[in-house]
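One structure below.
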Amino acid sequence: MFNFDYRNPTKIVFGQNRLNELDQLIPADAKVLITYGGGSVKKFGTLDAVKAALGQRTVLEFGGIEPNPRYQTLMQAAALAKAEQIDFLLAVGGGSVMDGTKFIALASHYRGDCAELLFKGTEQVDASAVLPLGTVATLPATGSEMNGNAVITHPDGKLALSSPLAYPQFSILDPSLTFTLPKIQVANGVVDAFVHVCEQYMTYPVDARIQDRMAEGILRTLIEIGPITINEPNNYAARANLVWSATNALNGLIGVGVPQDWATHCIGHELTARFGIDHAQTLAIVMPALWQARRQQKAAKLLQYAERVWDICDGSDEQRIDAAIAKTRAFFESLGISTRLSHYADDENSIDDIIAALDAHGMTQLTETQDLGLDDSRAILQSAW
Ligand code: NZQ
Ligand code: ZN
């Protein structure tokens, strides 16, 4: 196992009917900016419940944060937070709203060009100039509710930032707030969480037994409850397990002390930027093809995954690896998520655009051993076509 540091400062408030506890979670004299997306939280009553819980506090709203949140939109919110001397940001929504709000928290009082936060990293950010934030998460998928990551769509590309200053102080995870999700968003959530685990697991063994077994436990849980929670949206027990799986898939714990890949995400972000494909759907396209291309380098973990996640114990090594990749692809497809790029794009030459974007963003040495170059990414996308 590699050396590691681990600290996660986010307080999780999990369960039904806990929105009224916002009153204790946010300082009584705070001026609060509630951020939200395209209106689902208005339509389904979550916003009203949040405002009621905030009582007498001065509350402003900023709605309209898009899926794959846009830099320009977030800069408007940051300007509002600064002008109104906001003390606390409260994100009410899915990963896009939570990510966007992290960016607003960093950008509002940033002294400099805020694009630097995306292009130069966040090490130079002064902690005293970052607004505190909390979240009410309405979509289980990204883990944004308990990590310091944000993925922002800038005119020059879809870019990720990560900062210890961007963790929410708290996140309210009420599974019943997610009952209103369309089936496709629930399926997206299952796939995104599944791939987050795989990015931290499907590398090479370092005898990290806790991390491996936690990862395998999350994967098995997602396989068990995925179809149930998609088909029975009001089944609280199944949805509660999805919510907690998604959070644990990317709150850092299973990723400590182990090699990590993230090539699927890096290539996937370019597919979203170029074709507008939902984040999770890009991952379902890339990951099975990437595993096929890297089956030698990942052989030991693919065989462990075959046995411990899918109970595949018979056949030669090559046959078990084939079966594990096929099972994974079939699982995504069974949830209604296509694993083929041709499902979303109609010109195979457009793969050139993706390779050019990867090049422009410096994504030329991907995967856990940094030896997945542009030609490999091209071959992966061609085989995913
Ligand atoms: O905008 P509204 O009207 O709220 O509708 C949203 C949106 O259209 C809707 N929705 C959310 N909660 C709902 C609901 N509809 C009905 N009932 C509810 N309870 O769902 C749609 C999608 O929302 P979005 O937030 O975009 O989805 P998701 O949570 O999948 O987030 C995707 C974003 O997160 C980034 C992705 O790249 C993408 O930009 N990621 C963030 C990560 C992180 N912070 O660690 C890691 C991930 O790998 C990912 O990259
Ligand atoms: Zn993801």
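Residue numbers start at 1 in each chain; chains themselves are named A, B, ... in the order of the structure tokens; ligands are numbered from 1 in the order shown.
Residues of protein or nucleic acid lying within 9 Å of ligand 2, counting only C-alpha atoms and all ligand atoms, are Ala141, Thr142, Gly143, Gly189, Val191, Asp192, Ala193, Phe194, Val195, His196, Leu250, Thr264, His265, Gly268, His279, Ala280 and Leu283 of chain A.
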Close residues, Phe119 of chain A itself excluded, 10 Å, only C-alpha atoms, min 4 positions apart in chain, as a VMD selection string:
chain A and resid 114 to 115 156 159 to 161 361
Mind dumping the selected residues with all heavy atoms as a short mmCIF file (atom, residue, chain, number, x, y, z; two decimals), in the first residue's frame?
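Wrote part-v2.cif, looks like this:
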data_model
loop_
_atom_site.label_atom_id
_atom_site.label_comp_id
_atom_site.auth_asym_id
_atom_site.auth_seq_id
_atom_site.Cartn_x
_atom_site.Cartn_y
_atom_site.Cartn_z
N CYS A 114 -10.33 34.48 -12.59
CA CYS A 114 -10.88 33.23 -12.04
C CYS A 114 -10.65 32.02 -12.95
O CYS A 114 -10.73 30.88 -12.48
CB CYS A 114 -12.36 33.40 -11.75
SG CYS A 114 -12.65 34.56 -10.40
N ALA A 115 -10.37 32.26 -14.23
CA ALA A 115 -10.06 31.13 -15.11
C ALA A 115 -8.80 30.40 -14.62
O ALA A 115 -8.62 29.21 -14.88
CB ALA A 115 -9.87 31.61 -16.55
N ASP A 156 -13.03 26.89 -23.35
CA ASP A 156 -11.89 26.11 -23.85
C ASP A 156 -11.90 24.64 -23.43
O ASP A 156 -10.92 23.94 -23.62
CB ASP A 156 -10.57 26.76 -23.40
CG ASP A 156 -10.36 28.11 -24.06
OD1 ASP A 156 -10.93 28.32 -25.14
OD2 ASP A 156 -9.67 28.96 -23.47
N LEU A 159 -13.27 21.21 -17.66
CA LEU A 159 -12.06 21.14 -16.85
C LEU A 159 -12.39 20.86 -15.39
O LEU A 159 -13.39 21.34 -14.86
CB LEU A 159 -11.30 22.46 -16.96
CG LEU A 159 -10.90 22.82 -18.41
CD1 LEU A 159 -10.62 24.30 -18.54
CD2 LEU A 159 -9.68 22.02 -18.82
N ALA A 160 -11.52 20.09 -14.74
CA ALA A 160 -11.76 19.70 -13.35
C ALA A 160 -10.83 20.47 -12.42
O ALA A 160 -9.69 20.75 -12.76
CB ALA A 160 -11.51 18.21 -13.19
N LEU A 161 -11.35 20.84 -11.25
CA LEU A 161 -10.48 21.36 -10.20
C LEU A 161 -10.70 20.53 -8.95
O LEU A 161 -11.73 19.87 -8.79
CB LEU A 161 -10.73 22.85 -9.92
CG LEU A 161 -12.04 23.30 -9.29
CD1 LEU A 161 -12.07 23.09 -7.78
CD2 LEU A 161 -12.24 24.79 -9.58
N HIS A 361 -5.59 19.66 -24.15
CA HIS A 361 -5.72 19.72 -22.68
C HIS A 361 -4.62 18.93 -21.96
O HIS A 361 -4.71 18.70 -20.75
CB HIS A 361 -7.12 19.21 -22.27
CG HIS A 361 -8.21 20.07 -22.82
ND1 HIS A 361 -9.42 19.59 -23.26
CD2 HIS A 361 -8.27 21.41 -23.03
CE1 HIS A 361 -10.16 20.57 -23.71
NE2 HIS A 361 -9.48 21.69 -23.59
#
Residues within 8 Å of ligand 1 should be enumerated using only C-alpha atoms and all ligand atoms and returned as a PyMOL selection string.
chain A and resi 36-41+44+64-69+93-99+137-145+147-153+158+160+177-182+185+188-189+192+196+250+265+269+278-280
Could you list, with a cut-off of 10 Å and counting only C-alpha atoms, the residues of segment 93-186 of chain A near segment 77-81 of chain A, each shown with its nearest atom pair and the distance in Å rounded to one decimal, rows sorted by chain and ascending number, as JSON lines?
{"residue": "A:Gly100", "atom": "CA", "partner": "A:Ala77", "partner_atom": "CA", "distance": 9.4}
{"residue": "A:Thr101", "atom": "CA", "partner": "A:Ala77", "partner_atom": "CA", "distance": 8.7}
{"residue": "A:Phe103", "atom": "CA", "partner": "A:Ala78", "partner_atom": "CA", "distance": 8.3}
{"residue": "A:Ile104", "atom": "CA", "partner": "A:Ala78", "partner_atom": "CA", "distance": 4.9}
{"residue": "A:Ala105", "atom": "CA", "partner": "A:Ala78", "partner_atom": "CA", "distance": 7.4}
{"residue": "A:Leu106", "atom": "CA", "partner": "A:Ala78", "partner_atom": "CA", "distance": 8.6}
{"residue": "A:Ala107", "atom": "CA", "partner": "A:Ala78", "partner_atom": "CA", "distance": 6.1}
{"residue": "A:Ser108", "atom": "CA", "partner": "A:Ala78", "partner_atom": "CA", "distance": 4.4}
{"residue": "A:His109", "atom": "CA", "partner": "A:Ala78", "partner_atom": "CA", "distance": 8.0}
{"residue": "A:Tyr110", "atom": "CA", "partner": "A:Ala78", "partner_atom": "CA", "distance": 9.5}
{"residue": "A:Cys114", "atom": "CA", "partner": "A:Ala78", "partner_atom": "CA", "distance": 9.9}
{"residue": "A:Leu131", "atom": "CA", "partner": "A:Ala81", "partner_atom": "CA", "distance": 9.1}
Written selection (C-alpha atoms) as a short mmCIF file (atom, residue, chain, number, x, y, z; two decimals), in the first residue's frame:
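Done, and the output landed in out-v3.cif:
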data_model
loop_
_atom_site.label_atom_id
_atom_site.label_comp_id
_atom_site.auth_asym_id
_atom_site.auth_seq_id
_atom_site.Cartn_x
_atom_site.Cartn_y
_atom_site.Cartn_z
CA GLY A 100 -20.83 24.96 -9.69
CA THR A 101 -21.29 26.17 -6.13
CA PHE A 103 -16.48 27.15 -8.01
CA ILE A 104 -18.58 30.12 -6.85
CA ALA A 105 -17.15 29.64 -3.33
CA LEU A 106 -13.59 29.84 -4.67
CA ALA A 107 -14.24 32.56 -7.25
CA SER A 108 -16.34 35.13 -5.36
CA HIS A 109 -13.44 36.80 -3.57
CA TYR A 110 -10.60 35.50 -5.74
CA CYS A 114 -10.88 33.23 -12.04
CA LEU A 131 -16.98 31.19 1.08
#
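The closest residue to Ile184 of chain A, picked from A:Tyr6, A:Trp262, A:Tyr236, A:Phe332 and counting only C-alpha atoms, is A:Phe332.
Compared by their closest atoms to Asp322 of chain A, and using only C-alpha atoms, the residues A:Ala289, A:Val186, A:Ala52, A:Leu335 rank with A:Ala289 nearest.
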Selection near Gly252 of chain A, 12 Å with only C-alpha atoms, sequence-local residues under 5 positions removed, as a list in words:
Phe4, Asp5, Tyr6, Arg7, Asn8, Pro9, Thr10, Gly143, Ser144, Glu145, Met146, Asn147, Gly148, Asn149, Ser162, Pro164, Tyr167, His196, Val197, Glu199, Gln200, Gln211, Met214, Ala215, Ala246, Thr247, Gly257, Val258 and Gln260 of chain A
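Closest approach to Gly336 of chain A from the set A:Asn234, A:Ser128, A:Gln281, A:Asn20 is made by A:Gln281, with distances taken over only C-alpha atoms.
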